[in-house]
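Colleague: Okay, here's the structure, questions in a sec.
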Amino acid sequence: MRQIWPTPGGVHPPENKTQSLGLPIAQCPLPPQVILPVSQHLGAPADPIVSVGDKVLKGQLVAEAPQQVSANIHASTSGTVVAIEERPLPHPSGLSGLSIVIEADGKDEWCELQPIEDYSRSGPTELIQKIQAAGVVGMGGAGFPAAVKLASRTPITTLIINGTECEPYITSDDILMRTYAEELVEAIRLLDYLLNGPQEVLIAIESNKPEAIEKMTAAIATLNDPRYEVVTLPAKYPNGGEKQLVQMLTGKEVPSGKIPAALGVVCQNVATALAAYRAVTKGEPLISRITTITGNAFSEQRNLEVLVGTPISFILQQQGYSKDTASRLVMGGPMMGFTLLSEECPVIKTTNCLLAPTQEEAPANGPEQACIRCGMCAEACPASLLPQQLYWYSRAQDEDKLKAYNLFDCIECGACSYVCPSQIPLVQYYRAAKGEIRQHEIEKKHSEKARERFEFHKERIEAEKAARAKAREEAAAKAKLRAEEKKKAEEAKLAQANSQATDSDTTPSEAEAKKNLVADIIAGAKKAQDDPARLARNITSTEDRLKKLQAKVEELEQSAPDQAEAIRARIKETEVKLKSLQDKQATLGNSEEKQVDATLQAESNSQSDITLQAEKAVEKMEMSANQKVQRELDTLKRKLAKITEQLASTDEADSDTRSALELSEKMLKEKLRKAEAAANSPASSKADAKRTLSGDEQSAVGDAITRSMERAMQKQSVDVEELRQKIQTLEARIEATQERIAATDDATTKDALRKGLVSMQTKLEKTQALYDMAEQSSE
Amino acid sequence: MDWLSEFILQRSVAEAVLALVGLALLFGAILGYAAVAFKVEADPIVDQIDAILPQTQCGQCGHPGCRPYAEAIAGGEAINKCPPGGQGTINSLAQLLGVEAPSLDEEHGEESDTRKVAFIREDECIGCTKCIQACPVDAILGAAQQMHTVIADECTGCDLCVEPCPVDCIDMLPVDSGVADWHWQLPSQNHLGSRDNIIATDASEKSEAAA
């Protein structure tokens with residue numbers, strides 16, 4: 001005989017098991033409709049895979065488990081899916097849940113099954129998958145998916161088959177052991193195989209089931225396996241609890257918050273074992289179960305083989321339920337069951353008992369009275385908890401204390417409520433407190449997630465802001481760099497020209513040429529500045545020539561009179577020319593300015609290419625940098641104005657918004673100040689550029705040209721201005737193209753660029769001609 | 001050193017005083033070392049307050065998020081400005097801060113029993129992204145000119161997206177509480193009140209109150 005370790009607490013309620021054992025198992029007739037809730041088990045609900053109107057066969061998968069801890073749901077009879085909707089659930093809440101409703105066609109026609117004749121040829125993993133696919137869940141009450149338990153990762157030394165059935169009234173496991181003892185032993189051998197042969201296989205049965213013990217012992221004897229043993233346990237509630245059972249059979253207590261597998265133990269209910277066996281060897285999914293129909297409100301109390309999904313109302317009708325005599329209708333036993341709020345809900349995989357006691361059997365609870373601190377609950381508690389303390393703290397909703405007093409080790413067996421002389425519904429307090437704590441934990445998780453997301457959101461916003469600022473800065477820096485490079489290039493060009501001009505020792509002729517060029521430029525500029533003087537000089541020189549010619553005529557008249565005639569004609573000519581020159585001088589008074597322009601333009605175009613280009617580059621550089629800063633300044637100013645406006649309109653009382661606005665105003669002002677400083681610095685760089693230009697002669701000329709050009713620009717008409725701009729852009733483009741030609745190595749690109757250059761040059765010439773014409777007309 | 005030993009030998013008081021001073025220095029050094037070496041970083045009060053707040057980030061308290069409100073509470077602000085947290089949060093805060101728990105300041109909103117999440121009527125959404133910008137927990141998915149939708153799991157029900165929507169296509173819907181969310185309630189207080197029946201006078205009082 002095996003040693004039975006004592007367990008704390010426990011109660012001995014009246015067993016009331018004989019009523020339902022008088023008759024053998026009967027098959028419940030086929031109901032007209034089956035209702036299959038998608039959540040009949042612990043874990044996630046299954047997902048329906050059929051739709052309304054589909055024809056289904058018995059055993060066909062109708063809802064699929066989405067993950068490991070869940071279970072498949074199969075049609076329990078053949079027929080048509082008529083609805084997938086919310087239906088009342090067999091649940092203490094009385095709430096509705098998604099259910100698949102199948103209208104039975106009465107044929108009860110099986111779908112094709114795939115049995116495994118010899119399971120020893122398949123590996124445990126494959127068999128466990130088969131069990132999982134069959135939707136087998138713990139049928140003792142909790143409904144934990146069986147496959148998950150069997151797929152234990154820790155090595156199992158003890159397999160416990162739970163046939164204790166300690167709760168009063170319930171006899172479904174008892175009658176199952178009596179009826180299917182041989183098949184059950186085969187089922188146990190399957191589990192033994194799945195768990196890789198644990199050292200001991202214990203079939204635990206309470207001493208109040210002598211017939212079951214006898215049948216099981218006889219069935220096991222044929223195996224001749226010393227590991228198998230039927231253990232008779234003393235009848236005490238709640239010995240059938242998994243943790244209690246493990247403690248009684250192994251002497252080890254399952255640690256708080258752990259599962260028996262941590263001790264190398266797996267417990268399976270007898271009905272679960274049988275269902276797993278049928279799933280493997282017959283290929284049958286879990287679609288029916290044995291349910292005890294008991295309580296004196298039924299005219300016939302017995303065990304029924306019921307299809308999962310059979311409406312309770314159908315069974316009640318079959319078994320002669322009298323609503324008048326019943327005090328209530330309970331699903332499960334009197335200790336752990338719950339009152340059904342609707343008769344329309346169906347039998348599910350975990351429905352081991354339907355109890356309809358009369359008033360005499362189960363009188364309504366008396367009024368709850370004050371706790372008198374008798375301590376009977378603590379004596380009854382099988383988990384060695386302190387129920388009265390838990391009661392106080394549950395009432396006070398003191399969650400820390402409840403956790404400290406190990407509320408979550410409570411198995412909700414109801415022993416404390418059963419013994420309480422004050423009729424306090426203790427278990428309800430604990431269940432409520434547990435629910436409350438669980439909900440708060442979920443909320444906490446939610447809020448933790450929200451906090452994280454909020455912080456991430458803040459970080460993201462900051463990062464985006466920073467990235468924008470950085471991009472702006474980079475763009476500004478790039479522009480500055482470009483401008484500097486251009487400036488440098490111009491400076492280099494100027495320096496080159498300068499050095500070439502001054503470097504007379506090494507290349508005298510070239511230097512001479514450059515000097516001449518410079519002189520020309522200066523002369524041109526001077527000419528541009530004092531054209532009337534030149535005209536006057538012209539007149540004087542013509543007069544001189546006239547005088548000389550006249551002297552020559554006098555001389556010649558004496559020697560050769562025929563030649564004198566020709567000279568006279570020339571004198572006449574010269575006189576006419578002088579006349580015209582004098583006329584021109586006379587009209588010069590009003591047209592002087594325009595003539596200056598014309599001369600200047602002609603000269604600046606032809607003579608001072610380098611200077612003009614330098615000037616243009618500097619101007620362009622100034623323009624771009626200045627414009628950018630100016631734009632930024634403008635936007636900042638606009639923003640500031642807006643903020644100030646908002647600030648003014650914000651209510652005095654709204655101090656938070658006000659302070660925020662004030663802060664942003666301050667920041668904007670700061671930014672504006674910085675931008676203004678930046679705007680000033682390009683101005684200074686412009687001055688720098690000017691200075692480098694005026695460092696040498698050319699730049700002096702350039703300055704002079706700029707001045708006169710500015711003057712000229714003021715005077716010129718609009719179309720002339722436009723043409724001039726066109727010429728300038730063309731020149732710039734030509735210059736850029738030349739640079740690019742110099743920079744590229746690729747011959748084809750160079751060719752293309754040269755072609756472009758030529759076309760641009762012709763265009764420039766054309767524009768120039770147009771410009772000249774326009775200028776003449778404006779003159 | 002001779003004079004010191006002589007001084008000590010002549011005056012026994014000096015011996016005692018020196019011994020005490022020595023001990024004081026020794027223990028002082030030990031305590032000082034322990035204070036540095038075994039320093040426990042206390043959870044700053046702001047973090048503790050923030051942990052109690054419901055993190056809806058709704059701003060109903062007048063602060064831009066729960067953390068700023070936690071900071072404000074640490075700075076002495078009233079603890080009853082959080083409608084999403086309700087009385088439970090106020091009680092926890094009061095317990096943490098050791099003050100009397102006030103009732104919720106209705107000025108900032110009313111406590112709601114049911115959790116709500118935002119829902120966008122998607123065919124009405126014009127894709128303006130205004131709600132996305134308003135969401136403090138980035139729980140709205142979408143892009144410009146594209147339909148937006150709320151990730152219900154991440155939504156805190158803060159309400160902040162409802163206001164900016166130009167077409168009013170956002171509803172705050174109560175979260176469906178199915179069987180999975182259900183839990184037992186404490187036995188009703190009326191049930192406890194059935195003690196009243198024990199004494200006849202209690203019963204009459206009760207009936208009077210009811211009347």
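Letters for chains follow the order of the structure tokens (A, B, ...), residue numbers begin at 1 for each chain, and ligand numbers begin at 1 in the order shown.
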Please identify every residue of chain B that has at least one atom no more than 10 Å from any atom of chain A, counting only C-alpha atoms, and report them as a compact mmCIF listing (two decimals) with N, CA, C and O atoms, in the first residue's frame.
Modeller:
```
# COMPACT_ATOMS: atom_id res chain seq x y z
N ASP B 50 3.72 59.37 -10.35
CA ASP B 50 3.48 59.07 -11.77
C ASP B 50 3.01 57.63 -11.95
O ASP B 50 2.19 57.33 -12.81
N ALA B 51 3.54 56.74 -11.09
CA ALA B 51 3.16 55.33 -11.19
C ALA B 51 1.69 55.13 -10.82
O ALA B 51 1.05 54.20 -11.29
N ILE B 52 1.17 55.99 -9.97
CA ILE B 52 -0.23 55.85 -9.54
C ILE B 52 -1.18 56.45 -10.58
O ILE B 52 -2.25 55.93 -10.82
N LEU B 53 -0.75 57.53 -11.21
CA LEU B 53 -1.63 58.18 -12.20
C LEU B 53 -1.93 57.24 -13.37
O LEU B 53 -1.11 56.39 -13.70
N PRO B 54 -3.12 57.38 -13.96
CA PRO B 54 -3.56 56.36 -14.94
C PRO B 54 -2.90 56.45 -16.31
O PRO B 54 -3.15 55.61 -17.16
N GLN B 55 -2.09 57.46 -16.55
CA GLN B 55 -1.33 57.57 -17.81
C GLN B 55 -2.21 57.67 -19.05
O GLN B 55 -1.83 57.20 -20.11
N THR B 56 -3.39 58.27 -18.88
CA THR B 56 -4.20 58.49 -20.08
C THR B 56 -3.66 59.67 -20.87
O THR B 56 -3.97 59.83 -22.03
N GLN B 57 -2.86 60.51 -20.24
CA GLN B 57 -2.25 61.68 -20.89
C GLN B 57 -3.32 62.59 -21.46
O GLN B 57 -3.13 63.19 -22.50
N GLY B 62 -5.20 69.84 -16.51
CA GLY B 62 -4.63 71.13 -16.85
C GLY B 62 -3.13 71.06 -17.11
O GLY B 62 -2.49 72.08 -17.29
N HIS B 63 -2.60 69.84 -17.08
CA HIS B 63 -1.18 69.69 -17.37
C HIS B 63 -1.02 68.88 -18.66
O HIS B 63 -1.86 68.04 -18.95
N GLY B 65 -0.07 66.15 -19.76
CA GLY B 65 0.34 64.76 -19.56
C GLY B 65 0.38 64.41 -18.08
O GLY B 65 0.26 65.28 -17.20
N CYS B 66 0.54 63.12 -17.80
CA CYS B 66 0.51 62.65 -16.41
C CYS B 66 1.76 63.02 -15.66
O CYS B 66 1.73 63.36 -14.49
N ARG B 67 2.88 62.91 -16.32
CA ARG B 67 4.15 63.23 -15.66
C ARG B 67 4.18 64.68 -15.17
O ARG B 67 4.52 64.93 -14.01
N GLN B 133 -1.76 64.12 -34.89
CA GLN B 133 -0.91 65.07 -34.18
C GLN B 133 -1.36 65.27 -32.74
O GLN B 133 -0.57 65.56 -31.86
N CYS B 135 -2.80 62.97 -30.81
CA CYS B 135 -2.72 61.77 -29.97
C CYS B 135 -1.42 61.75 -29.16
O CYS B 135 -0.34 61.78 -29.74
N PRO B 136 -1.54 61.70 -27.83
CA PRO B 136 -0.33 61.74 -27.01
C PRO B 136 0.42 60.42 -26.97
O PRO B 136 1.54 60.37 -26.51
N VAL B 137 -0.22 59.33 -27.40
CA VAL B 137 0.45 58.02 -27.32
C VAL B 137 0.64 57.39 -28.70
O VAL B 137 0.88 56.20 -28.81
N ASP B 138 0.55 58.20 -29.75
CA ASP B 138 0.74 57.71 -31.12
C ASP B 138 -0.11 56.49 -31.41
O ASP B 138 0.37 55.50 -31.98
N ALA B 139 -1.37 56.53 -31.01
CA ALA B 139 -2.23 55.35 -31.18
C ALA B 139 -3.09 55.46 -32.44
O ALA B 139 -3.94 54.63 -32.65
N ASP B 153 -6.07 48.96 -28.83
CA ASP B 153 -5.29 48.45 -27.71
C ASP B 153 -4.41 49.52 -27.08
O ASP B 153 -4.09 49.46 -25.91
N GLU B 154 -3.98 50.47 -27.90
CA GLU B 154 -3.05 51.47 -27.41
C GLU B 154 -3.77 52.74 -26.98
O GLU B 154 -3.17 53.62 -26.39
N CYS B 155 -5.05 52.84 -27.30
CA CYS B 155 -5.78 54.07 -27.01
C CYS B 155 -6.03 54.18 -25.52
O CYS B 155 -6.45 53.22 -24.87
N THR B 156 -5.76 55.36 -24.96
CA THR B 156 -5.98 55.55 -23.53
C THR B 156 -7.34 56.19 -23.26
O THR B 156 -7.70 56.41 -22.12
N SER B 177 -16.98 44.82 -22.82
CA SER B 177 -16.44 43.98 -21.76
C SER B 177 -17.08 42.61 -21.87
O SER B 177 -18.24 42.42 -21.54
N GLY B 178 -16.33 41.69 -22.41
CA GLY B 178 -16.83 40.33 -22.60
C GLY B 178 -16.64 39.50 -21.35
O GLY B 178 -16.32 40.02 -20.28
N VAL B 179 -16.82 38.20 -21.51
CA VAL B 179 -16.69 37.28 -20.39
C VAL B 179 -15.26 37.31 -19.83
O VAL B 179 -15.05 37.19 -18.63
N ALA B 180 -14.30 37.52 -20.74
CA ALA B 180 -12.90 37.49 -20.31
C ALA B 180 -12.60 38.60 -19.31
O ALA B 180 -11.75 38.44 -18.44
N ASP B 181 -13.28 39.75 -19.46
CA ASP B 181 -13.01 40.87 -18.56
C ASP B 181 -13.85 40.81 -17.29
O ASP B 181 -13.61 41.54 -16.34
N TRP B 182 -14.86 39.96 -17.31
CA TRP B 182 -15.78 39.94 -16.19
C TRP B 182 -15.11 39.39 -14.94
O TRP B 182 -14.27 38.49 -15.02
N HIS B 183 -15.45 39.94 -13.81
CA HIS B 183 -15.02 39.29 -12.57
C HIS B 183 -16.10 39.47 -11.51
O HIS B 183 -16.94 40.35 -11.61
N TRP B 184 -16.05 38.60 -10.52
CA TRP B 184 -17.06 38.63 -9.47
C TRP B 184 -17.03 39.97 -8.75
O TRP B 184 -15.97 40.56 -8.58
N GLN B 185 -18.21 40.39 -8.34
CA GLN B 185 -18.28 41.60 -7.53
C GLN B 185 -18.36 41.19 -6.07
O GLN B 185 -18.77 40.08 -5.74
N LEU B 186 -17.96 42.11 -5.21
CA LEU B 186 -18.11 41.84 -3.78
C LEU B 186 -19.59 41.63 -3.49
O LEU B 186 -20.44 42.24 -4.15
N PRO B 187 -19.91 40.75 -2.53
CA PRO B 187 -21.32 40.58 -2.18
C PRO B 187 -21.91 41.96 -1.88
O PRO B 187 -21.24 42.80 -1.29
N HIS B 191 -26.68 43.07 0.97
CA HIS B 191 -26.62 41.73 1.54
C HIS B 191 -26.04 41.80 2.94
O HIS B 191 -26.56 41.23 3.89
N LEU B 192 -24.98 42.59 3.06
CA LEU B 192 -24.40 42.82 4.38
C LEU B 192 -25.44 43.48 5.27
O LEU B 192 -25.55 43.20 6.45
N GLY B 193 -26.20 44.38 4.64
CA GLY B 193 -27.21 45.14 5.39
C GLY B 193 -28.31 44.25 5.93
O GLY B 193 -29.09 44.67 6.79
N SER B 194 -28.35 43.01 5.45
CA SER B 194 -29.39 42.12 5.95
C SER B 194 -29.20 41.83 7.44
O SER B 194 -30.06 41.24 8.06
N ARG B 195 -28.06 42.23 7.94
CA ARG B 195 -27.87 42.16 9.39
C ARG B 195 -28.94 43.01 10.10
O ARG B 195 -29.28 42.78 11.24
N ASP B 196 -29.38 44.01 9.36
CA ASP B 196 -30.39 44.91 9.93
C ASP B 196 -31.58 44.13 10.44
O ASP B 196 -32.24 44.53 11.40
N ASN B 197 -31.81 43.03 9.76
CA ASN B 197 -32.99 42.25 10.12
C ASN B 197 -32.88 41.60 11.49
O ASN B 197 -33.86 41.12 12.03
N ILE B 198 -31.66 41.55 11.98
CA ILE B 198 -31.46 40.86 13.25
C ILE B 198 -32.15 41.61 14.38
O ILE B 198 -32.83 41.03 15.23
```
Colleague: Could you give me the residues within segment 7-197 of chain B that DSSP places in helix (DSSP H, G or I), as a ChimeraX atom specification?
Modeller: /B:7-10,12-37,45-52,66-74,86-97,106-108,130-134,189-197
Colleague: When you look at segment 162-166 of chain B with a cut-off of 12 Å (counting only C-alpha atoms), what residues show up, excluding the ones that are within fewer than 6 positions of it in the same chain? I need them as a ChimeraX atom specification.
Modeller: /B:58,117-121,124-135,140,148,150,172-173
Colleague: Give the answer as one residue: which of B:Cys169, B:Ala94, B:Val175, B:Ala29 has the shortest atom-to-atom distance to Ala152 of chain B, using only C-alpha atoms?
Modeller: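 So, comparing all the options, the nearest one is B:Val175.
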Colleague: What's the 9 Å shell around Cys377 of chain A, counting only C-alpha atoms, without same-chain residues fewer than 4 positions away, as a PDB file with all heavy atoms, in the first residue's frame?
Modeller:
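Saved as around.pdb:
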```
ATOM      1  N   GLY A   9      -6.821  20.897   6.407  1.00  0.00           N
ATOM      2  CA  GLY A   9      -8.195  21.358   6.163  1.00  0.00           C
ATOM      3  C   GLY A   9      -9.069  20.308   5.528  1.00  0.00           C
ATOM      4  O   GLY A   9      -8.881  19.102   5.682  1.00  0.00           O
ATOM      5  N   CYS A 381      -9.542  25.344   5.667  1.00  0.00           N
ATOM      6  CA  CYS A 381      -8.863  25.738   4.417  1.00  0.00           C
ATOM      7  C   CYS A 381      -7.829  24.703   3.987  1.00  0.00           C
ATOM      8  O   CYS A 381      -6.867  24.432   4.700  1.00  0.00           O
ATOM      9  CB  CYS A 381      -8.194  27.098   4.567  1.00  0.00           C
ATOM     10  SG  CYS A 381      -7.417  27.634   3.030  1.00  0.00           S
ATOM     11  N   LEU A 386      -5.427  32.029   5.638  1.00  0.00           N
ATOM     12  CA  LEU A 386      -6.160  32.608   6.761  1.00  0.00           C
ATOM     13  C   LEU A 386      -7.407  33.301   6.217  1.00  0.00           C
ATOM     14  O   LEU A 386      -7.394  34.500   5.950  1.00  0.00           O
ATOM     15  CB  LEU A 386      -5.282  33.615   7.515  1.00  0.00           C
ATOM     16  CG  LEU A 386      -4.070  33.015   8.219  1.00  0.00           C
ATOM     17  CD1 LEU A 386      -3.191  34.114   8.788  1.00  0.00           C
ATOM     18  CD2 LEU A 386      -4.506  32.074   9.329  1.00  0.00           C
ATOM     19  N   PRO A 387      -8.488  32.533   6.035  1.00  0.00           N
ATOM     20  CA  PRO A 387      -9.650  33.094   5.354  1.00  0.00           C
ATOM     21  C   PRO A 387     -10.228  34.345   6.006  1.00  0.00           C
ATOM     22  O   PRO A 387     -10.684  35.235   5.289  1.00  0.00           O
ATOM     23  CB  PRO A 387     -10.657  31.943   5.358  1.00  0.00           C
ATOM     24  CG  PRO A 387      -9.816  30.719   5.463  1.00  0.00           C
ATOM     25  CD  PRO A 387      -8.665  31.112   6.333  1.00  0.00           C
ATOM     26  N   GLN A 388     -10.183  34.415   7.353  1.00  0.00           N
ATOM     27  CA  GLN A 388     -10.804  35.619   7.932  1.00  0.00           C
ATOM     28  C   GLN A 388     -10.009  36.858   7.592  1.00  0.00           C
ATOM     29  O   GLN A 388     -10.574  37.910   7.311  1.00  0.00           O
ATOM     30  CB  GLN A 388     -10.933  35.593   9.441  1.00  0.00           C
ATOM     31  CG  GLN A 388     -10.700  34.302  10.110  1.00  0.00           C
ATOM     32  CD  GLN A 388     -10.573  34.507  11.602  1.00  0.00           C
ATOM     33  OE1 GLN A 388     -10.166  35.546  12.081  1.00  0.00           O
ATOM     34  NE2 GLN A 388     -10.945  33.491  12.340  1.00  0.00           N
ATOM     35  N   ALA A 415     -14.736  25.573   0.952  1.00  0.00           N
ATOM     36  CA  ALA A 415     -14.778  24.898   2.255  1.00  0.00           C
ATOM     37  C   ALA A 415     -15.017  25.905   3.380  1.00  0.00           C
ATOM     38  O   ALA A 415     -15.762  25.616   4.327  1.00  0.00           O
ATOM     39  CB  ALA A 415     -13.482  24.130   2.491  1.00  0.00           C
ATOM     40  N   CYS A 416     -14.397  27.081   3.265  1.00  0.00           N
ATOM     41  CA  CYS A 416     -14.549  28.092   4.316  1.00  0.00           C
ATOM     42  C   CYS A 416     -15.993  28.588   4.387  1.00  0.00           C
ATOM     43  O   CYS A 416     -16.566  28.723   5.472  1.00  0.00           O
ATOM     44  CB  CYS A 416     -13.580  29.242   4.099  1.00  0.00           C
ATOM     45  SG  CYS A 416     -13.603  29.907   2.415  1.00  0.00           S
ATOM     46  N   SER A 417     -16.572  28.843   3.222  1.00  0.00           N
ATOM     47  CA  SER A 417     -17.961  29.307   3.191  1.00  0.00           C
ATOM     48  C   SER A 417     -18.878  28.236   3.776  1.00  0.00           C
ATOM     49  O   SER A 417     -19.850  28.538   4.478  1.00  0.00           O
ATOM     50  CB  SER A 417     -18.404  29.592   1.759  1.00  0.00           C
ATOM     51  OG  SER A 417     -17.541  30.496   1.148  1.00  0.00           O
ATOM     52  N   TYR A 418     -18.521  26.985   3.476  1.00  0.00           N
ATOM     53  CA  TYR A 418     -19.353  25.866   3.921  1.00  0.00           C
ATOM     54  C   TYR A 418     -19.401  25.783   5.441  1.00  0.00           C
ATOM     55  O   TYR A 418     -20.451  25.512   6.010  1.00  0.00           O
ATOM     56  CB  TYR A 418     -18.800  24.561   3.323  1.00  0.00           C
ATOM     57  CG  TYR A 418     -19.538  23.327   3.738  1.00  0.00           C
ATOM     58  CD1 TYR A 418     -20.796  23.034   3.193  1.00  0.00           C
ATOM     59  CD2 TYR A 418     -19.006  22.463   4.698  1.00  0.00           C
ATOM     60  CE1 TYR A 418     -21.488  21.914   3.583  1.00  0.00           C
ATOM     61  CE2 TYR A 418     -19.691  21.330   5.094  1.00  0.00           C
ATOM     62  CZ  TYR A 418     -20.937  21.059   4.536  1.00  0.00           C
ATOM     63  OH  TYR A 418     -21.627  19.950   4.920  1.00  0.00           O
ATOM     64  N   VAL A 419     -18.244  26.038   6.080  1.00  0.00           N
ATOM     65  CA  VAL A 419     -18.200  25.901   7.539  1.00  0.00           C
ATOM     66  C   VAL A 419     -18.559  27.179   8.268  1.00  0.00           C
ATOM     67  O   VAL A 419     -18.761  27.154   9.490  1.00  0.00           O
ATOM     68  CB  VAL A 419     -16.804  25.428   8.031  1.00  0.00           C
ATOM     69  CG1 VAL A 419     -16.478  24.053   7.493  1.00  0.00           C
ATOM     70  CG2 VAL A 419     -15.727  26.434   7.668  1.00  0.00           C
ATOM     71  N   CYS A 420     -18.636  28.286   7.588  1.00  0.00           N
ATOM     72  CA  CYS A 420     -18.820  29.570   8.279  1.00  0.00           C
ATOM     73  C   CYS A 420     -20.152  29.615   9.015  1.00  0.00           C
ATOM     74  O   CYS A 420     -21.213  29.501   8.400  1.00  0.00           O
ATOM     75  CB  CYS A 420     -18.748  30.729   7.301  1.00  0.00           C
ATOM     76  SG  CYS A 420     -18.905  32.325   8.126  1.00  0.00           S
TER      77      CYS A 420
END
```
Colleague: Provide the atom CA of Lys766 of chain A to atom CA of Glu731 of chain A distance in Å, to one decimal place.
Modeller: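 These two atoms are separated by 12.7 Å.
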Colleague: Among segment 1-204 of chain A, which residues carry a DSSP assignment of strand (DSSP E or B), reported as a count of residues only?
Modeller: 52
Colleague: For Ser51 of chain A, which residue among A:Arg373, A:Val69, A:Ala63, A:Ala769 is the nearest when counting only C-alpha atoms?
Modeller: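 When distances to Ser51 of chain A are compared using only C-alpha atoms, the smallest one comes from A:Ala63.
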Colleague: Give me the residues near Gly88 of chain B as a list in words, where near means some atom within 12 Å (using only C-alpha atoms) and where sequence neighbours in that chain fewer than 3 positions away do not count.
Modeller: Gln397, Asp398 and His440 of chain A; Ile52, Leu53, Pro54, Ile79, Asn80, Cys82, Pro83, Pro84, Gly85, Asn91, Ser92, Leu93, Ala94, Gln95, Ala101, Pro102, Ser103, Leu104, Glu111 and Asp113 of chain B
Colleague: Given the choices B:Leu25, B:Leu96, B:Leu9, B:Tyr33, which gets closest to Asp47 of chain B if the distance is worked out from only C-alpha atoms?
Modeller: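 Between B:Leu25, B:Leu96, B:Leu9, B:Tyr33, the residue approaching Asp47 of chain B most closely is B:Leu96.
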Colleague: Skipping near chain neighbours, those fewer than 3 positions away, what residues fall within 8 Å of Cys413 of chain A using only C-alpha atoms, listed as a PyMOL selection string?
Modeller: chain A and resi 238+335-336+410+427
Colleague: Got time to write the residues from that selection, all heavy atoms, as a JSON list (two decimals), in the first residue's frame?
Modeller:
```json
[["chain", "number", "residue", "atom", "x", "y", "z"],
["A", 238, "PRO", "N", -11.59, 19.12, -0.30],
["A", 238, "PRO", "CA", -11.43, 18.91, -1.74],
["A", 238, "PRO", "C", -10.17, 18.12, -2.07],
["A", 238, "PRO", "O", -9.21, 18.68, -2.56],
["A", 238, "PRO", "CB", -11.29, 20.33, -2.22],
["A", 238, "PRO", "CG", -10.57, 21.05, -1.11],
["A", 238, "PRO", "CD", -10.81, 20.29, 0.15],
["A", 335, "MET", "N", -20.47, 22.79, -4.36],
["A", 335, "MET", "CA", -19.42, 23.58, -3.72],
["A", 335, "MET", "C", -18.79, 24.59, -4.68],
["A", 335, "MET", "O", -18.55, 25.73, -4.31],
["A", 335, "MET", "CB", -18.30, 22.66, -3.20],
["A", 335, "MET", "CG", -18.78, 21.58, -2.25],
["A", 335, "MET", "SD", -19.44, 22.23, -0.70],
["A", 335, "MET", "CE", -17.95, 22.66, 0.16],
["A", 336, "MET", "N", -18.49, 24.15, -5.86],
["A", 336, "MET", "CA", -17.76, 25.03, -6.78],
["A", 336, "MET", "C", -18.59, 25.44, -7.99],
["A", 336, "MET", "O", -18.12, 26.21, -8.83],
["A", 336, "MET", "CB", -16.47, 24.36, -7.25],
["A", 336, "MET", "CG", -15.46, 24.24, -6.14],
["A", 336, "MET", "SD", -13.86, 23.67, -6.70],
["A", 336, "MET", "CE", -13.20, 25.12, -7.49],
["A", 410, "CYS", "N", -5.54, 30.66, -3.07],
["A", 410, "CYS", "CA", -6.89, 30.16, -2.77],
["A", 410, "CYS", "C", -7.41, 29.42, -4.00],
["A", 410, "CYS", "O", -7.33, 29.92, -5.11],
["A", 410, "CYS", "CB", -7.80, 31.33, -2.43],
["A", 410, "CYS", "SG", -9.54, 30.88, -2.35],
["A", 427, "VAL", "N", -16.04, 32.89, -0.30],
["A", 427, "VAL", "CA", -15.40, 32.68, -1.60],
["A", 427, "VAL", "C", -15.74, 33.81, -2.56],
["A", 427, "VAL", "O", -14.92, 34.22, -3.36],
["A", 427, "VAL", "CB", -15.80, 31.32, -2.19],
["A", 427, "VAL", "CG1", -15.16, 31.12, -3.54],
["A", 427, "VAL", "CG2", -15.36, 30.21, -1.26]]
```
Colleague: I'd like the neighbourhood of Arg289 of chain A as a ChimeraX atom specification, where a residue qualifies if any of its atoms comes within 8 Å (using only C-alpha atoms), though same-chain residues fewer than 6 positions away should be ignored.
Modeller: /A:305-308,349,352
Colleague: Create the file for the chosen residues now, containing N, CA, C and O atoms and written as a short mmCIF file (atom, residue, chain, number, x, y, z; two decimals), in the first residue's frame.
Modeller:
```
data_model
loop_
_atom_site.label_atom_id
_atom_site.label_comp_id
_atom_site.auth_asym_id
_atom_site.auth_seq_id
_atom_site.Cartn_x
_atom_site.Cartn_y
_atom_site.Cartn_z
N GLU A 305 -24.70 10.77 -21.62
CA GLU A 305 -23.69 11.09 -22.63
C GLU A 305 -24.30 12.21 -23.47
O GLU A 305 -25.24 11.98 -24.22
N VAL A 306 -23.76 13.41 -23.31
CA VAL A 306 -24.38 14.59 -23.93
C VAL A 306 -23.44 15.17 -24.98
O VAL A 306 -22.23 15.24 -24.78
N LEU A 307 -24.03 15.57 -26.09
CA LEU A 307 -23.24 16.27 -27.10
C LEU A 307 -22.91 17.67 -26.59
O LEU A 307 -23.75 18.35 -26.01
N VAL A 308 -21.68 18.07 -26.79
CA VAL A 308 -21.30 19.43 -26.44
C VAL A 308 -22.14 20.37 -27.28
O VAL A 308 -22.28 20.19 -28.49
N LYS A 349 -17.66 21.76 -22.82
CA LYS A 349 -16.72 20.66 -22.58
C LYS A 349 -16.45 20.42 -21.10
O LYS A 349 -16.01 19.33 -20.72
N ASN A 352 -19.58 19.03 -16.05
CA ASN A 352 -19.60 17.67 -15.51
C ASN A 352 -20.89 17.35 -14.77
O ASN A 352 -21.17 16.20 -14.47
#
```
